[in-house]
>>> print(open('coords-v5.pdb').read())   # PDB, C-alpha atoms
ATOM      1  CA  MET A   1      -8.461 -38.203 -34.007
ATOM      2  CA  GLU A   2      -8.289 -38.857 -30.259
ATOM      3  CA  HIS A   3      -4.704 -37.500 -30.087
ATOM      4  CA  SER A   4      -5.764 -34.341 -31.961
ATOM      5  CA  HIS A   5      -8.608 -33.818 -29.510
ATOM      6  CA  CYS A   6      -6.235 -34.167 -26.549
ATOM      7  CA  ARG A   7      -3.808 -31.672 -28.083
ATOM      8  CA  LEU A   8      -6.694 -29.217 -28.590
ATOM      9  CA  LEU A   9      -7.730 -29.563 -24.938
ATOM     10  CA  LEU A  10      -4.145 -29.003 -23.824
ATOM     11  CA  VAL A  11      -3.790 -25.878 -25.962
ATOM     12  CA  CYS A  12      -7.089 -24.516 -24.640
ATOM     13  CA  SER A  13      -6.051 -25.218 -21.059
ATOM     14  CA  LEU A  14      -2.704 -23.515 -21.524
ATOM     15  CA  PHE A  15      -4.409 -20.527 -23.146
ATOM     16  CA  ALA A  16      -6.792 -20.199 -20.205
ATOM     17  CA  LEU A  17      -3.880 -20.458 -17.781
ATOM     18  CA  CYS A  18      -2.038 -17.692 -19.602
ATOM     19  CA  LEU A  19      -5.116 -15.464 -19.473
ATOM     20  CA  CYS A  20      -5.548 -16.051 -15.764
ATOM     21  CA  SER A  21      -1.916 -15.344 -15.014
ATOM     22  CA  ARG A  22      -1.618 -12.012 -16.785
ATOM     23  CA  GLY A  23      -2.709  -8.648 -15.445
ATOM     24  CA  THR A  24       0.775  -7.793 -14.165
ATOM     25  CA  ARG A  25       1.507  -4.109 -14.333
ATOM     26  CA  GLY A  26       3.460  -2.175 -11.752
ATOM     27  CA  ASP A  27       4.715  -2.970  -8.292
ATOM     28  CA  GLU A  28       2.480  -0.584  -6.360
ATOM     29  CA  LEU A  29      -1.203  -0.461  -5.540
ATOM     30  CA  THR A  30      -3.004   2.411  -7.258
ATOM     31  CA  ILE A  31      -6.521   3.797  -7.464
ATOM     32  CA  ASP A  32      -6.656   3.573 -11.266
ATOM     33  CA  PHE A  33      -5.028   0.173 -11.764
ATOM     34  CA  TYR A  34      -7.909  -1.280 -13.828
ATOM     35  CA  ASP A  35      -9.137   1.888 -15.543
ATOM     36  CA  ASP A  36      -7.809   0.766 -18.940
ATOM     37  CA  MET A  37      -7.791  -3.018 -18.490
ATOM     38  CA  CYS A  38     -11.260  -3.481 -16.986
ATOM     39  CA  PRO A  39     -13.238  -0.224 -16.792
ATOM     40  CA  GLY A  40     -16.483  -2.032 -15.940
ATOM     41  CA  LEU A  41     -15.045  -3.402 -12.690
ATOM     42  CA  TYR A  42     -16.693  -0.933 -10.348
ATOM     43  CA  ASN A  43     -20.162  -1.307 -11.834
ATOM     44  CA  ILE A  44     -20.035  -5.085 -11.622
ATOM     45  CA  VAL A  45     -18.921  -5.116  -7.981
ATOM     46  CA  GLN A  46     -21.448  -2.445  -7.013
ATOM     47  CA  GLN A  47     -24.323  -4.287  -8.632
ATOM     48  CA  HIS A  48     -23.536  -7.608  -6.981
ATOM     49  CA  VAL A  49     -22.972  -6.150  -3.521
ATOM     50  CA  PHE A  50     -26.114  -4.011  -3.746
ATOM     51  CA  SER A  51     -28.158  -7.019  -4.855
ATOM     52  CA  ALA A  52     -26.739  -9.246  -2.106
ATOM     53  CA  MET A  53     -27.457  -6.606   0.552
ATOM     54  CA  ARG A  54     -30.965  -6.067  -0.783
ATOM     55  CA  ASP A  55     -31.586  -9.759  -0.143
ATOM     56  CA  GLU A  56     -29.756  -9.769   3.192
ATOM     57  CA  ARG A  57     -28.686  -6.475   4.754
ATOM     58  CA  ARG A  58     -26.119  -8.266   6.895
ATOM     59  CA  MET A  59     -24.044  -9.179   3.821
ATOM     60  CA  GLY A  60     -22.290  -5.805   3.916
ATOM     61  CA  ALA A  61     -20.784  -6.686   7.283
ATOM     62  CA  SER A  62     -19.934 -10.189   6.068
ATOM     63  CA  LEU A  63     -17.953  -8.868   3.106
ATOM     64  CA  LEU A  64     -16.108  -6.469   5.402
ATOM     65  CA  ARG A  65     -15.205  -9.308   7.771
ATOM     66  CA  LEU A  66     -14.069 -11.434   4.824
ATOM     67  CA  HIS A  67     -11.572  -8.736   3.815
ATOM     68  CA  PHE A  68     -10.327  -8.319   7.395
ATOM     69  CA  HIS A  69      -9.807 -12.049   7.920
ATOM     70  CA  ASP A  70      -8.037 -12.321   4.562
ATOM     71  CA  CYS A  71      -5.571  -9.516   5.238
ATOM     72  CA  PHE A  72      -4.523 -10.726   8.684
ATOM     73  CA  VAL A  73      -3.287 -14.066   7.301
ATOM     74  CA  ASN A  74      -0.637 -14.067   4.543
ATOM     75  CA  GLY A  75      -1.623 -10.479   3.745
ATOM     76  CA  CYS A  76      -4.454  -9.354   1.452
ATOM     77  CA  ASP A  77      -3.961 -12.091  -1.128
ATOM     78  CA  GLY A  78      -7.354 -13.785  -1.380
ATOM     79  CA  SER A  79      -6.007 -16.908   0.323
ATOM     80  CA  ILE A  80      -9.100 -17.097   2.540
ATOM     81  CA  LEU A  81     -11.126 -17.974  -0.575
ATOM     82  CA  LEU A  82      -9.188 -21.144  -1.380
ATOM     83  CA  ASP A  83     -11.073 -24.410  -0.868
ATOM     84  CA  GLY A  84      -9.533 -27.482   0.736
ATOM     85  CA  ASP A  85      -9.555 -29.102   4.165
ATOM     86  CA  ASP A  86      -6.378 -27.200   5.045
ATOM     87  CA  GLY A  87      -7.826 -23.879   3.882
ATOM     88  CA  GLU A  88      -8.195 -20.747   5.989
ATOM     89  CA  LYS A  89     -11.977 -20.813   5.649
ATOM     90  CA  PHE A  90     -11.965 -23.947   7.802
ATOM     91  CA  ALA A  91      -9.777 -22.458  10.533
ATOM     92  CA  GLN A  92     -11.530 -22.237  13.891
ATOM     93  CA  PRO A  93     -12.004 -18.432  13.875
ATOM     94  CA  ASN A  94     -13.560 -18.554  10.393
ATOM     95  CA  GLN A  95     -15.944 -21.504  10.672
ATOM     96  CA  ASN A  96     -19.582 -20.443  11.059
ATOM     97  CA  SER A  97     -18.307 -16.875  11.017
ATOM     98  CA  VAL A  98     -16.885 -15.728   7.687
ATOM     99  CA  ARG A  99     -19.439 -15.557   4.882
ATOM    100  CA  GLY A 100     -19.930 -14.005   1.472
ATOM    101  CA  TYR A 101     -17.929 -16.447  -0.643
ATOM    102  CA  GLU A 102     -20.796 -16.856  -3.111
ATOM    103  CA  VAL A 103     -20.958 -13.101  -3.684
ATOM    104  CA  ILE A 104     -17.252 -13.043  -4.544
ATOM    105  CA  ASP A 105     -17.734 -16.023  -6.877
ATOM    106  CA  ALA A 106     -20.547 -14.265  -8.732
ATOM    107  CA  ILE A 107     -18.536 -11.057  -9.120
ATOM    108  CA  LYS A 108     -15.512 -12.953 -10.370
ATOM    109  CA  ALA A 109     -17.577 -14.919 -12.901
ATOM    110  CA  ASP A 110     -18.901 -11.711 -14.456
ATOM    111  CA  LEU A 111     -15.436 -10.164 -14.503
ATOM    112  CA  GLU A 112     -13.984 -13.210 -16.239
ATOM    113  CA  SER A 113     -16.620 -12.800 -18.947
ATOM    114  CA  MET A 114     -15.874  -9.113 -19.389
ATOM    115  CA  CYS A 115     -12.094  -8.975 -18.909
ATOM    116  CA  PRO A 116     -10.685 -12.483 -18.418
ATOM    117  CA  GLY A 117      -7.525 -12.964 -16.411
ATOM    118  CA  VAL A 118      -7.268  -9.329 -15.330
ATOM    119  CA  VAL A 119      -8.855  -8.692 -11.928
ATOM    120  CA  SER A 120      -7.528 -10.579  -8.918
ATOM    121  CA  CYS A 121      -9.761 -12.212  -6.341
ATOM    122  CA  ALA A 122      -7.925 -10.254  -3.640
ATOM    123  CA  ASP A 123      -8.966  -6.985  -5.282
ATOM    124  CA  VAL A 124     -12.552  -8.200  -5.631
ATOM    125  CA  VAL A 125     -12.658  -8.848  -1.874
ATOM    126  CA  ALA A 126     -11.210  -5.421  -1.057
ATOM    127  CA  LEU A 127     -13.594  -3.594  -3.363
ATOM    128  CA  ALA A 128     -16.643  -5.591  -2.255
ATOM    129  CA  ALA A 129     -15.857  -4.767   1.384
ATOM    130  CA  SER A 130     -15.757  -1.051   0.584
ATOM    131  CA  TYR A 131     -19.202  -1.169  -1.016
ATOM    132  CA  GLY A 132     -20.480  -3.208   1.915
ATOM    133  CA  VAL A 133     -19.466  -0.295   4.145
ATOM    134  CA  LEU A 134     -20.835   2.370   1.803
ATOM    135  CA  PHE A 135     -24.211   0.702   1.272
ATOM    136  CA  SER A 136     -24.550   0.327   5.060
ATOM    137  CA  GLY A 137     -24.318   4.098   5.405
ATOM    138  CA  GLY A 138     -20.608   4.218   6.081
ATOM    139  CA  PRO A 139     -17.855   6.298   4.481
ATOM    140  CA  TYR A 140     -16.630   6.155   0.918
ATOM    141  CA  TYR A 141     -12.888   5.633   0.662
ATOM    142  CA  ASP A 142     -10.613   5.078  -2.313
ATOM    143  CA  VAL A 143      -9.585   1.427  -2.597
ATOM    144  CA  LEU A 144      -6.058   0.900  -3.839
ATOM    145  CA  LEU A 145      -5.929  -1.909  -6.413
ATOM    146  CA  GLY A 146      -3.371  -4.067  -8.145
ATOM    147  CA  ARG A 147      -3.076  -6.955  -5.685
ATOM    148  CA  ARG A 148      -2.329 -10.415  -7.019
ATOM    149  CA  ASP A 149      -3.628 -13.686  -5.611
ATOM    150  CA  GLY A 150      -1.698 -15.952  -3.286
ATOM    151  CA  LEU A 151      -1.007 -19.551  -4.238
ATOM    152  CA  VAL A 152      -1.576 -21.225  -0.865
ATOM    153  CA  ALA A 153      -3.766 -20.888   2.198
ATOM    154  CA  ASN A 154      -2.473 -20.787   5.767
ATOM    155  CA  GLN A 155      -4.895 -22.447   8.164
ATOM    156  CA  GLU A 156      -2.445 -22.447  11.058
ATOM    157  CA  GLY A 157      -1.851 -18.742  10.545
ATOM    158  CA  ALA A 158      -5.591 -18.120  10.697
ATOM    159  CA  ASP A 159      -5.890 -20.160  13.894
ATOM    160  CA  THR A 160      -3.121 -18.238  15.632
ATOM    161  CA  GLY A 161      -2.929 -14.837  13.945
ATOM    162  CA  LEU A 162      -6.516 -13.595  13.882
ATOM    163  CA  PRO A 163      -7.518 -11.490  16.901
ATOM    164  CA  SER A 164      -9.942 -13.279  19.204
ATOM    165  CA  PRO A 165     -12.810 -11.686  21.132
ATOM    166  CA  PHE A 166     -11.583 -13.575  24.209
ATOM    167  CA  GLU A 167      -8.110 -12.048  24.212
ATOM    168  CA  PRO A 168      -6.959  -9.137  26.365
ATOM    169  CA  ILE A 169      -6.706  -5.813  24.548
ATOM    170  CA  SER A 170      -2.915  -5.870  24.832
ATOM    171  CA  SER A 171      -2.772  -9.167  22.908
ATOM    172  CA  ILE A 172      -5.047  -7.785  20.204
ATOM    173  CA  VAL A 173      -2.879  -4.671  19.947
ATOM    174  CA  GLN A 174       0.156  -6.921  19.477
ATOM    175  CA  LYS A 175      -1.524  -8.925  16.702
ATOM    176  CA  PHE A 176      -2.310  -5.685  14.911
ATOM    177  CA  ALA A 177       1.275  -4.547  15.381
ATOM    178  CA  ASP A 178       2.488  -7.834  13.888
ATOM    179  CA  VAL A 179       0.879  -6.837  10.576
ATOM    180  CA  GLY A 180       1.897  -3.187  10.692
ATOM    181  CA  LEU A 181      -1.182  -1.647  12.304
ATOM    182  CA  ASP A 182      -1.177   0.514  15.432
ATOM    183  CA  THR A 183      -3.408   0.985  18.463
ATOM    184  CA  THR A 184      -5.498   3.644  16.750
ATOM    185  CA  ASP A 185      -6.187   1.134  13.964
ATOM    186  CA  VAL A 186      -7.361  -1.343  16.616
ATOM    187  CA  VAL A 187     -10.000   1.058  17.913
ATOM    188  CA  VAL A 188     -10.988   2.367  14.477
ATOM    189  CA  LEU A 189     -11.336  -1.026  12.802
ATOM    190  CA  SER A 190     -13.161  -2.439  15.820
ATOM    191  CA  GLY A 191     -15.774   0.143  14.870
ATOM    192  CA  ALA A 192     -16.678  -2.191  12.000
ATOM    193  CA  HIS A 193     -18.746  -3.942  14.673
ATOM    194  CA  THR A 194     -21.293  -1.185  14.214
ATOM    195  CA  ILE A 195     -22.796  -3.615  11.667
ATOM    196  CA  GLY A 196     -23.061  -7.397  11.586
ATOM    197  CA  ARG A 197     -23.953 -10.130  14.021
ATOM    198  CA  ALA A 198     -22.170 -12.473  16.427
ATOM    199  CA  ARG A 199     -22.946 -15.968  17.684
ATOM    200  CA  CYS A 200     -23.621 -16.748  21.339
ATOM    201  CA  THR A 201     -20.443 -18.789  21.498
ATOM    202  CA  LEU A 202     -18.464 -15.561  21.080
ATOM    203  CA  PHE A 203     -19.979 -13.730  24.053
ATOM    204  CA  SER A 204     -21.519 -16.380  26.343
ATOM    205  CA  ASN A 205     -18.362 -16.148  28.472
ATOM    206  CA  ARG A 206     -19.785 -12.835  29.712
ATOM    207  CA  LEU A 207     -23.085 -14.323  30.857
ATOM    208  CA  THR A 208     -24.130 -16.067  34.063
ATOM    209  CA  SER A 209     -23.188 -19.751  34.233
ATOM    210  CA  THR A 210     -23.048 -22.477  36.872
ATOM    211  CA  THR A 211     -19.517 -21.410  37.740
ATOM    212  CA  SER A 212     -19.537 -17.646  37.222
ATOM    213  CA  SER A 213     -21.698 -14.548  37.371
ATOM    214  CA  ALA A 214     -22.253 -12.094  34.535
ATOM    215  CA  ASP A 215     -19.418  -9.812  33.432
ATOM    216  CA  PRO A 216     -19.645  -6.687  35.620
ATOM    217  CA  THR A 217     -18.782  -4.541  32.585
ATOM    218  CA  LEU A 218     -21.910  -5.756  30.753
ATOM    219  CA  ASP A 219     -25.123  -3.775  31.231
ATOM    220  CA  SER A 220     -27.424  -5.916  33.390
ATOM    221  CA  THR A 221     -30.507  -5.458  31.218
ATOM    222  CA  MET A 222     -28.561  -6.382  28.105
ATOM    223  CA  ALA A 223     -27.111  -9.387  29.950
ATOM    224  CA  ASP A 224     -30.632 -10.641  30.723
ATOM    225  CA  VAL A 225     -31.653 -10.319  27.055
ATOM    226  CA  LEU A 226     -28.571 -12.206  25.909
ATOM    227  CA  GLN A 227     -29.055 -14.859  28.596
ATOM    228  CA  SER A 228     -32.547 -15.575  27.265
ATOM    229  CA  LEU A 229     -31.291 -15.694  23.689
ATOM    230  CA  CYS A 230     -28.495 -18.143  24.336
ATOM    231  CA  ALA A 231     -30.055 -20.379  27.011
ATOM    232  CA  GLY A 232     -30.332 -23.998  25.928
ATOM    233  CA  GLY A 233     -28.953 -23.367  22.462
ATOM    234  CA  ASP A 234     -25.954 -24.752  20.618
ATOM    235  CA  GLY A 235     -24.062 -21.463  20.640
ATOM    236  CA  ASN A 236     -24.992 -20.546  17.071
ATOM    237  CA  GLN A 237     -27.857 -18.177  17.862
ATOM    238  CA  THR A 238     -26.948 -14.677  16.748
ATOM    239  CA  THR A 239     -27.596 -11.112  17.774
ATOM    240  CA  ALA A 240     -26.561  -7.715  16.451
ATOM    241  CA  LEU A 241     -23.106  -6.516  17.414
ATOM    242  CA  ASP A 242     -24.593  -3.023  17.749
ATOM    243  CA  MET A 243     -28.090  -3.380  19.176
ATOM    244  CA  SER A 244     -28.757   0.352  18.974
ATOM    245  CA  SER A 245     -28.549   0.468  15.159
ATOM    246  CA  ALA A 246     -27.946  -3.042  13.908
ATOM    247  CA  ASP A 247     -27.658  -2.399  10.170
ATOM    248  CA  ALA A 248     -26.440   1.195  10.129
ATOM    249  CA  PHE A 249     -22.760   2.036   9.897
ATOM    250  CA  ASP A 250     -22.466   4.825  12.478
ATOM    251  CA  LYS A 251     -20.808   5.891  15.735
ATOM    252  CA  GLY A 252     -23.374   3.959  17.792
ATOM    253  CA  TYR A 253     -20.825   1.205  18.447
ATOM    254  CA  TYR A 254     -18.672   3.592  20.480
ATOM    255  CA  GLN A 255     -21.630   5.133  22.276
ATOM    256  CA  ASN A 256     -22.628   1.634  23.358
ATOM    257  CA  LEU A 257     -19.234   1.114  24.981
ATOM    258  CA  LEU A 258     -19.744   4.198  27.172
ATOM    259  CA  THR A 259     -22.832   2.550  28.683
ATOM    260  CA  GLU A 260     -21.401  -0.992  28.933
ATOM    261  CA  ARG A 261     -23.420  -2.252  25.987
ATOM    262  CA  GLY A 262     -20.548  -3.619  23.930
ATOM    263  CA  LEU A 263     -21.345  -7.201  22.937
ATOM    264  CA  LEU A 264     -17.913  -8.837  22.865
ATOM    265  CA  SER A 265     -15.297  -8.731  25.612
ATOM    266  CA  SER A 266     -12.850  -7.325  23.081
ATOM    267  CA  ASP A 267     -15.283  -4.506  22.300
ATOM    268  CA  GLN A 268     -16.143  -3.437  25.828
ATOM    269  CA  GLY A 269     -12.540  -3.915  26.895
ATOM    270  CA  LEU A 270     -11.496  -0.971  24.716
ATOM    271  CA  PHE A 271     -13.277   1.315  27.179
ATOM    272  CA  SER A 272     -13.743  -0.611  30.423
ATOM    273  CA  GLY A 273     -10.577  -2.706  30.545
ATOM    274  CA  ASP A 274      -8.007  -2.234  33.296
ATOM    275  CA  GLU A 275      -4.930  -2.709  31.107
ATOM    276  CA  ASP A 276      -2.363   0.049  30.646
ATOM    277  CA  VAL A 277      -3.079   0.377  26.923
ATOM    278  CA  VAL A 278      -6.743   1.066  27.702
ATOM    279  CA  ALA A 279      -5.942   3.789  30.196
ATOM    280  CA  SER A 280      -3.291   5.374  27.961
ATOM    281  CA  THR A 281      -4.907   5.135  24.532
ATOM    282  CA  THR A 282      -8.024   3.151  23.675
ATOM    283  CA  ARG A 283     -10.450   4.650  26.197
ATOM    284  CA  ALA A 284      -9.816   8.171  24.950
ATOM    285  CA  LEU A 285     -10.221   7.085  21.324
ATOM    286  CA  VAL A 286     -13.565   5.428  22.103
ATOM    287  CA  GLN A 287     -14.685   8.673  23.738
ATOM    288  CA  LYS A 288     -13.520  10.700  20.736
ATOM    289  CA  TYR A 289     -15.341   8.592  18.150
ATOM    290  CA  SER A 290     -18.511   8.434  20.271
ATOM    291  CA  ASP A 291     -18.592  12.223  20.062
ATOM    292  CA  ASP A 292     -17.412  12.726  16.491
ATOM    293  CA  GLY A 293     -18.865  10.455  13.835
ATOM    294  CA  GLU A 294     -17.200  12.380  11.014
ATOM    295  CA  GLN A 295     -13.779  11.778  12.536
ATOM    296  CA  PHE A 296     -14.599   8.090  12.883
ATOM    297  CA  PHE A 297     -15.592   7.889   9.220
ATOM    298  CA  SER A 298     -12.431   9.671   8.109
ATOM    299  CA  ASP A 299     -10.140   7.536  10.251
ATOM    300  CA  PHE A 300     -11.970   4.344   9.307
ATOM    301  CA  GLY A 301     -11.324   4.941   5.607
ATOM    302  CA  ALA A 302      -7.639   5.627   6.299
ATOM    303  CA  SER A 303      -7.277   2.478   8.408
ATOM    304  CA  MET A 304      -9.020   0.361   5.772
ATOM    305  CA  VAL A 305      -6.593   1.567   3.099
ATOM    306  CA  LYS A 306      -3.714   0.812   5.462
ATOM    307  CA  MET A 307      -5.056  -2.653   6.286
ATOM    308  CA  GLY A 308      -5.746  -3.343   2.605
ATOM    309  CA  SER A 309      -2.058  -2.933   1.834
ATOM    310  CA  ILE A 310      -0.846  -5.588   4.291
ATOM    311  CA  GLY A 311       1.404  -8.065   2.496
ATOM    312  CA  ALA A 312      -0.071  -7.237  -0.903
ATOM    313  CA  LEU A 313       1.421  -9.244  -3.776
ATOM    314  CA  THR A 314       2.224  -7.105  -6.805
ATOM    315  CA  GLY A 315       4.226  -7.218 -10.029
ATOM    316  CA  ASP A 316       5.124 -10.803 -10.860
ATOM    317  CA  GLU A 317       4.245 -12.195  -7.427
ATOM    318  CA  GLY A 318       1.393 -14.667  -7.083
ATOM    319  CA  GLU A 319      -1.120 -14.969  -9.913
ATOM    320  CA  ILE A 320      -4.525 -13.868 -11.157
ATOM    321  CA  ARG A 321      -6.858 -16.769 -10.383
ATOM    322  CA  CYS A 322      -9.527 -17.810 -12.864
ATOM    323  CA  ASN A 323     -11.585 -19.304 -10.059
ATOM    324  CA  CYS A 324     -11.213 -17.719  -6.629
ATOM    325  CA  ARG A 325     -11.603 -21.094  -4.890
ATOM    326  CA  VAL A 326      -8.588 -22.785  -6.499
ATOM    327  CA  ALA A 327      -5.106 -21.746  -7.539
ATOM    328  CA  ASN A 328      -4.446 -21.949 -11.279
TER     329      ASN A 328
END
>>> encode(input="coords-v5.pdb", output="structure tokens")
Amino acid sequence: MEHSHCRLLLVCSLFALCLCSRGTRGDELTIDFYDDMCPGLYNIVQQHVFSAMRDERRMGASLLRLHFHDCFVNGCDGSILLDGDDGEKFAQPNQNSVRGYEVIDAIKADLESMCPGVVSCADVVALAASYGVLFSGGPYYDVLLGRRDGLVANQEGADTGLPSPFEPISSIVQKFADVGLDTTDVVVLSGAHTIGRARCTLFSNRLTSTTSSADPTLDSTMADVLQSLCAGGDGNQTTALDMSSADAFDKGYYQNLLTERGLLSSDQGLFSGDEDVVASTTRALVQKYSDDGEQFFSDFGASMVKMGSIGALTGDEGEIRCNCRVAN
């Protein structure tokens, strides 16, 4: 009887593994990838993202950041979701920064009930990010689907490959180039900082300290406000990345840069930096998007589609995870 029970468990486990490994169809990302296999996908993702943002408006920005940080390491393969001490979520740039894992888990659980083994975690992240933008007042853009999930995380890649707010603009441009994105994409995707928050530890380098004065490219009134916020804390206090319209996806981010009210060095540097790439390219783009919100929205959607295709696994590559936190 015991042997029969063990065989039954084995068969059930193998069946579940087969379900969570299928979903292979085509070697290219397409808009209609799941139309036949899981037509309820969009409604499920919309409902969960809307509900999460109703509880916490900031979640839209968190889901967008999750997608960005996934794509820059190993490509857009959902590897940032994998648990484990050596996982990407525990890399220095992601700790106390990347959020939204529970929202992805909830979406995936409902999808596994409706169409088991079909929708990848990587696609859930991409689609959730798009609704995070839309429900924040940002542009709608078509999300290409059909990604498969990676099998391993890359913590070292996250530590070294993700752009840092402390880096010069030229270094950030190079990191974008390393994954197939150009300087325009740098400026456009930086506009995602029109929503979300940042911790003091990410901008305190611009404030007055015992060894340095405040960054001269930071508005003095804003510097005083930030100084009061961060004084005596542990670096985890947060403030809006775009203080002019904290929860609205708009062109305010770029308008802030014109008046030295960009929060991070990497933000303000796009306009005020003294590097060649700023003078030749990024400053003019900041000016353009500060004037033309429609152009920003259009270019943002195009850059998101471009970023969402970085290193995408398709066809027989990778797998479709049952649980986004662990490989099958």
>>> resolve_selection(input="coords-v5.pdb", expression="the PyMOL selection byres ((chain A and resi 98) around 9)", output="number ranges by chain")
A: 62-63, 65-66, 69, 89, 93-97, 99-101
>>> residues_around(input="coords-v5.pdb", residues="Ile172 (chain A)", least_positions_apart="4", cutoff="8 Å", atoms="only C-alpha atoms", output="list in words")
Pro163, Ser164, Glu167, Pro168, Phe176 and Val186 of chain A
>>> closest_residue(input="coords-v5.pdb", among="A:Ala129, A:Ala61, A:Ala312, A:Leu218", to="Cys76 (chain A)", atoms="only C-alpha atoms")
A:Ala312
>>> resolve_selection(input="coords-v5.pdb", expression="the PyMOL selection byres ((chain A and resi 318) around 8)", output="list in words")
Arg148, Asp149, Gly150, Leu151, Leu313, Thr314, Asp316, Glu317, Glu319 and Ile320 of chain A
>>> write_last_selection(input="coords-v5.pdb", atoms="C-alpha atoms", output="mmCIF file, in the frame of the given file")
data_model
loop_
_atom_site.group_PDB
_atom_site.id
_atom_site.type_symbol
_atom_site.label_atom_id
_atom_site.label_comp_id
_atom_site.auth_asym_id
_atom_site.auth_seq_id
_atom_site.Cartn_x
_atom_site.Cartn_y
_atom_site.Cartn_z
ATOM 1 C CA ARG A 148 -2.329 -10.415 -7.019
ATOM 2 C CA ASP A 149 -3.628 -13.686 -5.611
ATOM 3 C CA GLY A 150 -1.698 -15.952 -3.286
ATOM 4 C CA LEU A 151 -1.007 -19.551 -4.238
ATOM 5 C CA LEU A 313 1.421 -9.244 -3.776
ATOM 6 C CA THR A 314 2.224 -7.105 -6.805
ATOM 7 C CA ASP A 316 5.124 -10.803 -10.860
ATOM 8 C CA GLU A 317 4.245 -12.195 -7.427
ATOM 9 C CA GLU A 319 -1.120 -14.969 -9.913
ATOM 10 C CA ILE A 320 -4.525 -13.868 -11.157
#
>>> residues_around(input="coords-v5.pdb", residues="Asp123 (chain A)", least_positions_apart="6", cutoff="12 Å", atoms="all atoms listed in the file", output="number ranges by chain")
A: 29-31, 33-34, 41-42, 45, 67, 70-71, 76-79, 104, 107-108, 111, 129-130, 143-150, 308-309, 312-314, 320-321, 324
>>> resolve_selection(input="coords-v5.pdb", expression="the PyMOL selection byres ((chain A and resi 139) around 12)", output="MDAnalysis selection string")
chainID A and resid 129:138 140:143 192 248:251 293:304
>>> atom_distance(input="coords-v5.pdb", atom1="CA of Asp274 (chain A)", atom2="CA of Val225 (chain A)")
25.8 Å
>>> atom_distance(input="coords-v5.pdb", atom1="CA of Ser170 (chain A)", atom2="CA of Thr217 (chain A)")
17.7 Å
>>> residues_around(input="coords-v5.pdb", residues="Thr259 (chain A)", least_positions_apart="5", cutoff="10 Å", atoms="all atoms listed in the file", output="compact mmCIF listing (two decimals) with C-alpha atoms, in the frame of the given file")
# COMPACT_ATOMS: atom_id res chain seq x y z
CA THR A 217 -18.78 -4.54 32.58
CA LEU A 218 -21.91 -5.76 30.75
CA ASP A 219 -25.12 -3.78 31.23
CA TYR A 254 -18.67 3.59 20.48
CA GLN A 268 -16.14 -3.44 25.83
CA PHE A 271 -13.28 1.32 27.18
CA SER A 272 -13.74 -0.61 30.42
>>> closest_residue(input="coords-v5.pdb", among="A:Arg283, A:Lys175, A:His193, A:Lys306", to="Leu258 (chain A)", atoms="all atoms listed in the file")
A:Arg283
>>> atom_distance(input="coords-v5.pdb", atom1="CA of Asp215 (chain A)", atom2="CA of Leu181 (chain A)")
29.1 Å
>>> closest_residue(input="coords-v5.pdb", among="A:Val103, A:Leu82, A:Ala128, A:Met307", to="Asp55 (chain A)", atoms="all atoms listed in the file")
A:Val103
>>> residues_around(input="coords-v5.pdb", residues="Cys230 (chain A)", least_positions_apart="3", cutoff="6 Å", atoms="only C-alpha atoms", output="PyMOL selection string")
chain A and resi 200+227+233
>>> closest_atom_pairs(input="coords-v5.pdb", of="region 152-213 of chain A", to="region 260-267 of chain A", cutoff="8 Å", atoms="all atoms listed in the file", output="CSV")
residue,atom,partner,partner_atom,distance
A:Ser164,CA,A:Ser266,CA,7.7
A:Pro165,CA,A:Ser266,CA,4.8
A:Phe166,CA,A:Ser265,CA,6.3
A:Glu167,CA,A:Ser266,CA,6.8
A:Pro168,CA,A:Ser266,CA,7.0
A:Ile169,CA,A:Ser266,CA,6.5
A:Ser190,CA,A:Asp267,CA,7.1
A:Leu202,CA,A:Leu264,CA,7.0
A:Phe203,CA,A:Leu264,CA,5.4
A:Arg206,CA,A:Ser265,CA,7.3
>>> residues_near_point(input="coords-v5.pdb", point="(-19.8, -7.8, -16.2)", cutoff="8 Å", atoms="only C-alpha atoms", output="list of chain:residue names")
A:Gly40, A:Leu41, A:Asn43, A:Ile44, A:Ile107, A:Asp110, A:Leu111, A:Glu112, A:Ser113, A:Met114
>>> write_last_selection(input="coords-v5.pdb", atoms="C-alpha atoms", output="mmCIF file, in the frame of the given file")
data_model
loop_
_atom_site.group_PDB
_atom_site.id
_atom_site.type_symbol
_atom_site.label_atom_id
_atom_site.label_comp_id
_atom_site.auth_asym_id
_atom_site.auth_seq_id
_atom_site.Cartn_x
_atom_site.Cartn_y
_atom_site.Cartn_z
ATOM 1 C CA GLY A 40 -16.483 -2.032 -15.940
ATOM 2 C CA LEU A 41 -15.045 -3.402 -12.690
ATOM 3 C CA ASN A 43 -20.162 -1.307 -11.834
ATOM 4 C CA ILE A 44 -20.035 -5.085 -11.622
ATOM 5 C CA ILE A 107 -18.536 -11.057 -9.120
ATOM 6 C CA ASP A 110 -18.901 -11.711 -14.456
ATOM 7 C CA LEU A 111 -15.436 -10.164 -14.503
ATOM 8 C CA GLU A 112 -13.984 -13.210 -16.239
ATOM 9 C CA SER A 113 -16.620 -12.800 -18.947
ATOM 10 C CA MET A 114 -15.874 -9.113 -19.389
#
